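Quick notes on the structure that follows.
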Amino acid sequence: MRSKLYVLGMTLMVWVHASNAQDIEPEIVIANPNATFLAQQRALPPAEVIARGEALYQVNCRMCHGGDLRGGEQGGPNLLRSGIVLNDIAGEVIGQVITEGVGRMPSFGNLVQNDIAAVAGFIHSILATAERQGSTPPVDFDLDILVGDAAAGERYFNQECSSCHSASGDLQGISSRIIDDYELQNAWVGGGLRRRGDSSGPTQNVIVTLADGGRVSGSLLRYDDFFLSLRTTTGGYRSFLRNGDSPRIEIDDPLGRHKELLAELTNKTIHDVTAYMETLK
Amino acid sequence: MKNLILLILLGCTLPIQLLAQNGVVVSPDELLNDLDGDWRSYSGDYSGKRYSSLTQIDKDTVKNLTLAWTTEMNFTTRSGFDPFTGSSNIVTKIGGEGRGDIDITSGSLKGSILEVNGILYVTSPDHAWAMDARDGSEIWHYHWETLGGTHIGSRGSAIWNDSLLFETPDNFLVSVNIHTGEENWHAEIASFELQYFSTMAPIVVGNRVIVGTGNDLDQPGFTQAFDASTGELLWRFYSVPMNEGDPGLDTWPSLDAASHGGGNAWVPGVYDPETDLYIFGTGNPTPAYTGVSRPGDNLFTCSLVAVNVTTGEMEWYFQTSPHDTHDWDSAQTPILIDGIIDGQPRKLVSTASRNGYFFTVDRVTGEHIATNLYSTTANWSSRIRENGSPEPNPIKDATIAGSLVSPVEGGVANWQPPAFNPDTGLFYTQENNGYNMLYLTDPDPRGSMGLGGKQRDEIGDVDSAFQAIDYKTGKAVWRHEWPGGDGVAAGVLTTASGLVFTGDGRNNMVAFDAENGDLLWHTRIGNMTNPPQTFMVDDRQYLLVAVRDRLFSFVMY
């Protein structure tokens, strides 16, 4: 029996009518050719069919496969990565397993063909929420960053950070300026290292000593093994070709201590200091 | 008018000349040759050394290198001679299972280019070209109409007699006539429905073509051999247990976990003709960051694996990253080294892993020889096990409140190939050091899938360098720290004249003295996207590299 095709509004839909699963030859209709994987390129059944499929899923499938399809209390496998599901287009593969059972899964003779197609449509609708090939349907989760001991964090800060930073100086109100705890933690742990390559990064002062003994100093713009450019204190641009140690360069990296810290910091210290930073409103 | 007629005549005669030029370009026997004047396979030869015997460009003359030609790749589908410009006689050969309505531009060249008898064979996702090595002009162009999917790169092609073979992102192995670009056949090598994608340069051994694939959705990794003349599947080796009773199953909590456990082999390996072993690195276990759902070592993911090319059976394995939880696959191309250990000649294989550890093992037996951390920052392992594998430290797993982890996701090394120079006994690799904060965003005990369940922020690159490593110990003999410490994604080439070519990540291609790391030459062409290569045409040594969709070819006049 051939599948039938309905056109609803602007979206092409695929739908299947068949007396039994083996007869289904799904007709593939492309709704979104730019989607990154095949299943996502195909149209989903109408919303009311998906809703009916979800209701049937909750009653018949949820116990084993879970409300989110990732496996349930009774130990059924994760459907979102199941070959049976991924190889299915419109119930033709899933239907066979529902009708006949497989392994520890019994057959579900109570589900007729329209039910099977609805359940398959629901499953595909969840898969379709993945953004890209290889990504998962989104999971809502709020990171709880503030698990540390703020007092311990303050002690650490006073001991290790206070020679360059101060709670009443540069870091005053830091948690009001960086409201997201996640951003706050990443920002202080990196201390600007991750912005070093761009103009918003911290200034690195450089002194260039030329062969004739002359010295040029300023803030470092760019350098590699063969070249160095800088902005002088008066705003001028200077650049030099480098050849080994000539000209001699000395770079004062204010982030040197932050680099060392990365090798020393424990997760606990990081969480403690973040908890302390959070108090700096 | 005269010129136009001449051009038309040329346009007519050139294809005829090409058609007349048939026959074997590289026979399977020639693939056994060491890397010399031609670049016949992914690494130049089976060993993975990327050690060229050419010596015209040497420590004294390298400073004289100059641009021979540069050209942008032409991705346009063309229908033939253009009388207005007179510039094109190319008719793009079209293949593919797609409908022709998907155009995924992924222009960067990220693989090896082959060169034989003055002709280059270049690939990028959905495209292959033959080009003249003398001036970079196009000879033919093949375009694959895709079904879609991840178009991350093409690592190159392989030659079997008069066929050029390459993979497509939507998982086909394509064979085209190497003289014309006409398709011979194509064969499906993995399921696109299961969200595999394919990038690997095939490796031809005898009449077999070895292919690997990639996947980011918990599907099992496998390596396969196809008949080079027909595209018929000969064997398939899974990196993970797929059936009850399969070896390694006791390192997984269940068969379901194992058979969704990844281990995709997506970078070309090496071949040892003496033992008929194909030796390659396997990918990371999946789900990648949420190891909670797969306690155990997760064999044979993140391992060096040796598979008999005739039978497809695994001969030995050595796990370089037990129970990885950071997406640090061990797919990096290893290198075959005939070395001396404790005064005895040994047949070895070495690899510089993405996880920051360097390993040397016996390539006949898999016996462990050396393990050494070659990164100054990697902080994820608590100790080295007796068998030489690093023990993962669970405190470096992703946590809800954040873990400080080194290296970053891209690893200390990645697919960009290293090199080995038998004259210096040194293994050359980039050493990318950096940190990220790693957060667990899906604490469900069932684990996430693929690369999901985490959030990541790169804190900074520090102290990244280029290393020359003693294969016997894994320790650096010389090390060149890159100014500023930012990491470098660049492959390596070395030569019998004692040179090492690579990129510096600061838009330069550079040449080192292989013995001591002195910088001898550089050219600022932009950051290379494929490994540098060399070959000989008309008694002249060329140096070839790609920067995104542009090729640069250097010579000395």
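The way I read the labels, and the way they are meant: chains A, B, ... in the order of the structure tokens, residue 1 as the first residue of every chain, and ligand 1 as the first ligand shown, with later ones counted on from there.
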Taking only C-alpha atoms into account, report as a JSON list (two decimals) with C-alpha atoms, in the first residue's frame which residues of chain A lie within 9 Å of chain B.
[["chain", "number", "residue", "atom", "x", "y", "z"],
["A", 33, "PRO", "CA", 16.71, 21.05, 3.00],
["A", 34, "ASN", "CA", 19.19, 23.16, 4.93],
["A", 35, "ALA", "CA", 18.86, 21.12, 8.12],
["A", 36, "THR", "CA", 22.10, 19.42, 9.00],
["A", 37, "PHE", "CA", 20.93, 15.82, 9.13],
["A", 38, "LEU", "CA", 18.46, 13.78, 7.16],
["A", 39, "ALA", "CA", 15.76, 13.29, 9.76],
["A", 70, "ARG", "CA", 16.56, 8.67, 27.34],
["A", 71, "GLY", "CA", 15.71, 5.43, 29.13],
["A", 77, "PRO", "CA", 17.30, 1.84, 26.12],
["A", 78, "ASN", "CA", 17.70, 5.48, 25.22],
["A", 80, "LEU", "CA", 17.28, 9.20, 21.04],
["A", 81, "ARG", "CA", 20.39, 7.26, 19.99],
["A", 82, "SER", "CA", 18.69, 4.01, 19.05],
["A", 83, "GLY", "CA", 19.41, 2.70, 15.58],
["A", 86, "LEU", "CA", 17.25, 6.83, 13.80],
["A", 87, "ASN", "CA", 16.65, 4.51, 10.86],
["A", 88, "ASP", "CA", 12.89, 5.09, 11.01],
["A", 132, "ARG", "CA", 22.81, 20.13, 14.81],
["A", 133, "GLN", "CA", 23.97, 16.74, 13.65],
["A", 134, "GLY", "CA", 25.31, 14.99, 16.73],
["A", 135, "SER", "CA", 23.70, 17.29, 19.26],
["A", 136, "THR", "CA", 21.07, 16.40, 21.84],
["A", 138, "PRO", "CA", 18.07, 20.70, 24.92],
["A", 139, "VAL", "CA", 18.09, 19.97, 28.64],
["A", 140, "ASP", "CA", 17.05, 22.74, 31.02],
["A", 141, "PHE", "CA", 19.58, 23.07, 33.77],
["A", 142, "ASP", "CA", 20.74, 25.98, 35.90],
["A", 143, "LEU", "CA", 24.37, 25.81, 36.92],
["A", 144, "ASP", "CA", 24.82, 26.32, 40.65],
["A", 145, "ILE", "CA", 28.20, 28.01, 40.75],
["A", 146, "LEU", "CA", 27.98, 29.39, 44.28],
["A", 147, "VAL", "CA", 28.92, 26.30, 46.26],
["A", 148, "GLY", "CA", 32.12, 27.64, 47.83],
["A", 182, "TYR", "CA", 29.34, 31.60, 35.42],
["A", 185, "GLN", "CA", 34.03, 32.77, 37.72],
["A", 186, "ASN", "CA", 35.47, 32.33, 34.23],
["A", 187, "ALA", "CA", 36.49, 35.99, 34.12],
["A", 189, "VAL", "CA", 40.09, 32.57, 36.77],
["A", 190, "GLY", "CA", 41.32, 33.70, 33.34],
["A", 191, "GLY", "CA", 42.11, 37.18, 34.59],
["A", 192, "GLY", "CA", 42.06, 38.44, 30.99],
["A", 193, "LEU", "CA", 44.24, 35.69, 29.49],
["A", 194, "ARG", "CA", 41.54, 34.71, 27.06],
["A", 195, "ARG", "CA", 41.30, 38.29, 25.80],
["A", 196, "ARG", "CA", 45.03, 38.69, 25.43],
["A", 197, "GLY", "CA", 44.90, 38.43, 21.66],
["A", 223, "TYR", "CA", 54.64, 39.79, 18.00],
["A", 224, "ASP", "CA", 55.94, 36.53, 16.68],
["A", 225, "ASP", "CA", 59.43, 35.12, 16.16],
["A", 226, "PHE", "CA", 60.08, 37.50, 13.27],
["A", 244, "GLY", "CA", 66.78, 35.66, 17.14],
["A", 259, "LYS", "CA", 49.27, 31.93, 34.20],
["A", 262, "LEU", "CA", 46.18, 28.10, 36.56],
["A", 263, "ALA", "CA", 48.62, 25.38, 37.49],
["A", 265, "LEU", "CA", 44.22, 26.47, 41.59],
["A", 266, "THR", "CA", 42.05, 23.65, 42.91],
["A", 267, "ASN", "CA", 38.37, 23.45, 42.12],
["A", 270, "ILE", "CA", 38.06, 28.49, 42.61],
["A", 271, "HIS", "CA", 34.57, 27.96, 44.07]]
Distance query Lys472 (chain B) at most 10 Å, only C-alpha atoms, self and fewer than 5 positions along chain excluded, as a compact mmCIF listing (two decimals) with N, CA and C atoms, in the first residue's frame:
# COMPACT_ATOMS: atom_id res chain seq x y z
N GLY B 339 63.68 1.60 15.60
CA GLY B 339 64.55 2.26 16.58
C GLY B 339 65.40 1.28 17.37
N ILE B 340 66.09 1.85 18.32
CA ILE B 340 66.96 1.07 19.20
C ILE B 340 66.47 1.30 20.63
N ILE B 341 66.12 0.23 21.32
CA ILE B 341 65.73 0.32 22.72
C ILE B 341 66.64 -0.59 23.52
N ASP B 342 67.32 -0.04 24.52
CA ASP B 342 68.26 -0.80 25.34
C ASP B 342 69.26 -1.57 24.47
N LEU B 348 58.89 -0.19 16.24
CA LEU B 348 58.10 0.59 17.19
C LEU B 348 57.03 1.39 16.49
N SER B 350 54.97 5.16 17.52
CA SER B 350 54.85 6.23 18.51
C SER B 350 53.68 7.13 18.17
N PHE B 359 53.51 8.34 23.58
CA PHE B 359 53.65 6.91 23.81
C PHE B 359 54.49 6.26 22.72
N THR B 360 55.32 5.32 23.12
CA THR B 360 55.98 4.43 22.18
C THR B 360 55.67 2.99 22.60
N VAL B 361 55.24 2.18 21.64
CA VAL B 361 54.99 0.77 21.92
C VAL B 361 55.62 -0.07 20.81
N ILE B 369 56.54 0.61 25.67
CA ILE B 369 57.96 0.99 25.80
C ILE B 369 58.10 2.26 26.62
N ALA B 370 57.36 3.32 26.25
CA ALA B 370 57.56 4.61 26.93
C ALA B 370 56.26 5.41 26.99
N THR B 371 56.09 6.12 28.10
CA THR B 371 55.01 7.09 28.25
C THR B 371 55.62 8.35 28.84
N GLY B 425 66.44 11.13 14.84
CA GLY B 425 65.75 10.29 15.82
C GLY B 425 64.70 11.05 16.60
N LEU B 426 64.22 12.15 16.02
CA LEU B 426 63.29 13.01 16.76
C LEU B 426 61.89 13.01 16.13
Checklist entry - CA of Leu544 (chain B) to CA of Leu67 (chain B): how many Å, to one decimal? => result 9.9 Å
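Interatomic distance, CA of Asp36 (chain B) to CA of His127 (chain B): 26.9 Å.
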Item to check | DSSP-assigned alpha helix (DSSP H) members of region 20-269 of chain A, reported as a ChimeraX atom specification | outcome: /A:38-41,47-60,62-65,83-86,94-100,113-127,150-160,174-177,181-190,256-264,267-269
Item to check | Contacts of Asn516 (chain B) at 12 Å (only C-alpha atoms; same-chain gap of 4+ positions) as a list of chain:residue names | outcome: B:Lys59, B:Thr424, B:Leu426, B:Tyr428, B:Phe466, B:Gln467, B:Ala468, B:Ile469, B:Ala476, B:Val477, B:Trp478, B:Arg479, B:His480, B:Gly498, B:Leu499, B:Val500, B:Ala511, B:Phe512, B:Leu520
Can you tell me, as a short mmCIF file (atom, residue, chain, number, x, y, z; two decimals) with N, CA and C atoms, in the first residue's frame, what residues are no more than 9 Å from region 329-338 of chain B when counting only C-alpha atoms, ignoring any on the same chain fewer than 3 positions away?
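Done, and the output landed in part34.cif:
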data_model
loop_
_atom_site.label_atom_id
_atom_site.label_comp_id
_atom_site.auth_asym_id
_atom_site.auth_seq_id
_atom_site.Cartn_x
_atom_site.Cartn_y
_atom_site.Cartn_z
N SER B 43 50.15 10.17 4.08
CA SER B 43 51.37 10.61 4.78
C SER B 43 52.58 10.65 3.87
N TYR B 46 53.65 4.77 3.83
CA TYR B 46 52.85 4.07 4.83
C TYR B 46 53.25 4.36 6.27
N SER B 47 54.48 4.88 6.46
CA SER B 47 55.05 4.93 7.82
C SER B 47 54.50 6.06 8.68
N GLY B 48 53.90 7.06 8.03
CA GLY B 48 53.43 8.22 8.79
C GLY B 48 54.51 9.21 9.15
N LYS B 49 55.76 8.95 8.71
CA LYS B 49 56.89 9.81 9.14
C LYS B 49 56.80 11.22 8.57
N ARG B 50 56.25 11.35 7.37
CA ARG B 50 56.30 12.64 6.66
C ARG B 50 57.76 13.12 6.57
N GLY B 263 34.39 5.75 19.83
CA GLY B 263 35.67 5.21 19.38
C GLY B 263 35.86 5.36 17.88
N ASN B 264 35.29 6.41 17.31
CA ASN B 264 35.35 6.59 15.86
C ASN B 264 36.77 6.88 15.40
N ALA B 265 37.18 6.15 14.37
CA ALA B 265 38.54 6.27 13.83
C ALA B 265 38.46 7.17 12.60
N TRP B 266 38.72 8.44 12.79
CA TRP B 266 38.45 9.42 11.73
C TRP B 266 39.69 10.03 11.12
N VAL B 267 40.88 9.61 11.58
CA VAL B 267 42.14 10.11 11.03
C VAL B 267 42.91 8.90 10.47
N PRO B 268 43.56 9.06 9.31
CA PRO B 268 44.29 7.92 8.74
C PRO B 268 45.35 7.37 9.68
N GLY B 269 45.49 6.05 9.64
CA GLY B 269 46.54 5.39 10.40
C GLY B 269 47.72 5.08 9.50
N VAL B 270 48.55 4.14 9.93
CA VAL B 270 49.75 3.76 9.20
C VAL B 270 49.72 2.25 8.94
N TYR B 271 50.59 1.79 8.04
CA TYR B 271 50.57 0.38 7.64
C TYR B 271 51.97 -0.18 7.70
N ASP B 272 52.08 -1.35 8.30
CA ASP B 272 53.37 -2.04 8.40
C ASP B 272 53.34 -3.27 7.50
N ILE B 279 47.73 0.21 11.67
CA ILE B 279 47.80 0.69 13.06
C ILE B 279 47.24 2.10 13.10
N PHE B 280 46.26 2.31 13.95
CA PHE B 280 45.57 3.61 13.96
C PHE B 280 45.10 3.92 15.37
N GLY B 281 44.69 5.18 15.55
CA GLY B 281 44.18 5.61 16.85
C GLY B 281 42.66 5.67 16.81
N THR B 282 42.03 5.26 17.90
CA THR B 282 40.57 5.30 17.96
C THR B 282 40.10 6.55 18.71
N GLY B 283 38.87 6.91 18.45
CA GLY B 283 38.29 8.11 19.04
C GLY B 283 37.88 7.92 20.48
N ASN B 284 37.33 8.99 21.03
CA ASN B 284 36.94 9.00 22.44
C ASN B 284 35.64 8.23 22.66
N PRO B 285 35.45 7.76 23.91
CA PRO B 285 34.18 7.11 24.23
C PRO B 285 33.05 8.13 24.30
N THR B 301 38.21 2.29 22.92
CA THR B 301 38.24 3.71 22.60
C THR B 301 39.58 4.28 23.07
N CYS B 302 39.96 5.44 22.49
CA CYS B 302 41.20 6.11 22.87
C CYS B 302 42.37 5.14 22.97
N SER B 303 42.55 4.37 21.92
CA SER B 303 43.60 3.35 21.92
C SER B 303 44.36 3.38 20.60
N LEU B 304 45.60 2.91 20.66
CA LEU B 304 46.30 2.51 19.45
C LEU B 304 45.85 1.09 19.18
N GLN B 319 45.90 1.13 25.21
CA GLN B 319 44.98 2.24 25.48
C GLN B 319 45.74 3.47 25.97
N THR B 320 45.59 4.56 25.23
CA THR B 320 46.31 5.79 25.56
C THR B 320 45.51 6.69 26.50
N SER B 321 44.20 6.47 26.62
CA SER B 321 43.36 7.28 27.50
C SER B 321 42.20 6.42 28.03
N ASP B 324 38.18 8.12 28.91
CA ASP B 324 38.27 9.56 28.64
C ASP B 324 36.94 10.24 28.94
N HIS B 326 36.76 13.86 28.24
CA HIS B 326 37.02 15.23 27.77
C HIS B 326 37.03 15.38 26.25
N PRO B 345 67.66 -3.47 18.33
CA PRO B 345 66.79 -2.91 17.29
C PRO B 345 65.34 -3.35 17.53
N ARG B 346 64.46 -2.38 17.47
CA ARG B 346 63.05 -2.70 17.74
C ARG B 346 62.17 -2.06 16.67
N LYS B 347 61.07 -2.73 16.35
CA LYS B 347 60.04 -2.18 15.48
C LYS B 347 58.99 -1.52 16.37
N LEU B 348 58.89 -0.19 16.24
CA LEU B 348 58.10 0.59 17.19
C LEU B 348 57.03 1.39 16.49
N VAL B 349 56.08 1.86 17.25
CA VAL B 349 55.14 2.86 16.78
C VAL B 349 54.96 3.88 17.91
N SER B 350 54.97 5.16 17.52
CA SER B 350 54.85 6.23 18.51
C SER B 350 53.68 7.13 18.17
N THR B 351 53.08 7.72 19.20
CA THR B 351 52.02 8.69 18.97
C THR B 351 52.06 9.78 20.03
N ALA B 352 51.79 11.01 19.58
CA ALA B 352 51.63 12.13 20.51
C ALA B 352 50.13 12.38 20.61
N SER B 353 49.55 12.03 21.76
CA SER B 353 48.10 12.00 21.89
C SER B 353 47.52 13.38 22.19
N ARG B 354 46.27 13.52 21.81
CA ARG B 354 45.50 14.73 22.10
C ARG B 354 45.47 15.02 23.60
N ASN B 355 45.58 13.97 24.43
CA ASN B 355 45.50 14.14 25.88
C ASN B 355 46.78 14.67 26.50
N ARG B 363 55.48 -2.31 17.78
CA ARG B 363 54.39 -2.36 16.80
C ARG B 363 54.04 -3.78 16.37
N GLY B 411 42.67 19.77 22.50
CA GLY B 411 43.78 18.91 22.91
C GLY B 411 45.15 19.52 22.69
N ALA B 413 47.43 17.95 20.94
CA ALA B 413 47.59 17.73 19.49
C ALA B 413 46.23 17.33 18.96
N ASN B 414 46.06 17.42 17.65
CA ASN B 414 44.79 17.02 17.07
C ASN B 414 45.08 16.26 15.78
N TRP B 415 44.25 16.41 14.75
CA TRP B 415 44.46 15.60 13.54
C TRP B 415 45.69 16.02 12.77
N GLN B 416 46.16 17.24 12.97
CA GLN B 416 47.29 17.73 12.17
C GLN B 416 48.49 16.80 12.42
N PRO B 417 49.04 16.23 11.36
CA PRO B 417 50.00 15.15 11.57
C PRO B 417 51.36 15.62 12.08
N PRO B 418 51.99 14.83 12.95
CA PRO B 418 53.37 15.07 13.37
C PRO B 418 54.32 14.49 12.33
N ALA B 419 55.62 14.55 12.59
CA ALA B 419 56.61 13.97 11.67
C ALA B 419 57.74 13.34 12.48
N PHE B 420 58.47 12.44 11.83
CA PHE B 420 59.63 11.82 12.48
C PHE B 420 60.79 11.80 11.49
N PRO B 422 64.35 10.11 10.84
CA PRO B 422 65.23 9.03 11.32
C PRO B 422 66.67 9.48 11.48
N GLY B 425 66.44 11.13 14.84
CA GLY B 425 65.75 10.29 15.82
C GLY B 425 64.70 11.05 16.60
N PHE B 427 60.92 13.05 17.00
CA PHE B 427 59.49 13.08 16.65
C PHE B 427 59.03 14.52 16.86
N TYR B 471 62.00 9.51 20.74
CA TYR B 471 60.97 8.45 20.75
C TYR B 471 61.22 7.41 21.84
#
Next on the checklist: as a PyMOL selection string, please: the residues near region 101-109 of chain A (cut-off 12 Å, only C-alpha atoms, same-chain neighbours under 6 positions excluded).
Outcome noted: chain A and resi 20-21+56-57+59-61+63-65+74-77+84+93-95+115-116
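Relative to CA of Asp58 (chain B), CA of Val488 (chain B) is found at 24.4 Å.
The closest residue to Asp29 (chain B), picked from B:Asn161, B:Ser112, B:Asn184, B:Asn433 and counting only C-alpha atoms, is B:Asn161.
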Checklist entry - Contacts of Tyr51 (chain B) at 6 Å or less, counting only C-alpha atoms, minus same-chain residues fewer than 5 places along, as a VMD selection string? => result chain B and resid 421 494 to 495
Could you take the residues named above and write them with N, CA and C atoms, as a tab-separated table (two decimals), in the first residue's frame?
chain	number	residue	atom	x	y	z
B	421	ASN	N	61.95	12.22	11.97
B	421	ASN	CA	63.14	12.24	11.12
B	421	ASN	C	64.12	11.18	11.62
B	494	THR	N	59.18	16.84	7.53
B	494	THR	CA	60.63	16.89	7.74
B	494	THR	C	61.32	16.29	6.52
B	495	THR	N	62.59	16.64	6.34
B	495	THR	CA	63.30	16.21	5.13
B	495	THR	C	64.67	15.63	5.47
Checklist entry - If you run DSSP on the backbone, which residues of region 3-154 of chain B are strand (DSSP E or B), as a ChimeraX atom specification? => result /B:26,39,51-52,66-72,79,91,93-95,114-116,119-124,127-132,138-144
Next on the checklist: Taking only C-alpha atoms into account, name the residue in B:Gly487, B:Gly262, B:Gly118, B:Gly296 that is nearest to Thr534 (chain B).
Outcome noted: B:Gly118
Item to check | Neighbour list for Phe75 (chain B) as a list of chain:residue names, cut-off 12 Å, only C-alpha atoms, skip fewer than 5 positions in-chain | outcome: B:Ile90, B:Thr92, B:Lys93, B:Asp103, B:Ile104, B:Thr105, B:Ser106, B:Gly107, B:Ser108, B:Leu109, B:Val122, B:Thr123, B:Ser124, B:Pro125, B:Asp126, B:His127, B:Ala128, B:Trp129, B:Glu138, B:Trp140, B:His141, B:Tyr142, B:His143, B:Trp144, B:Asp549, B:Arg550
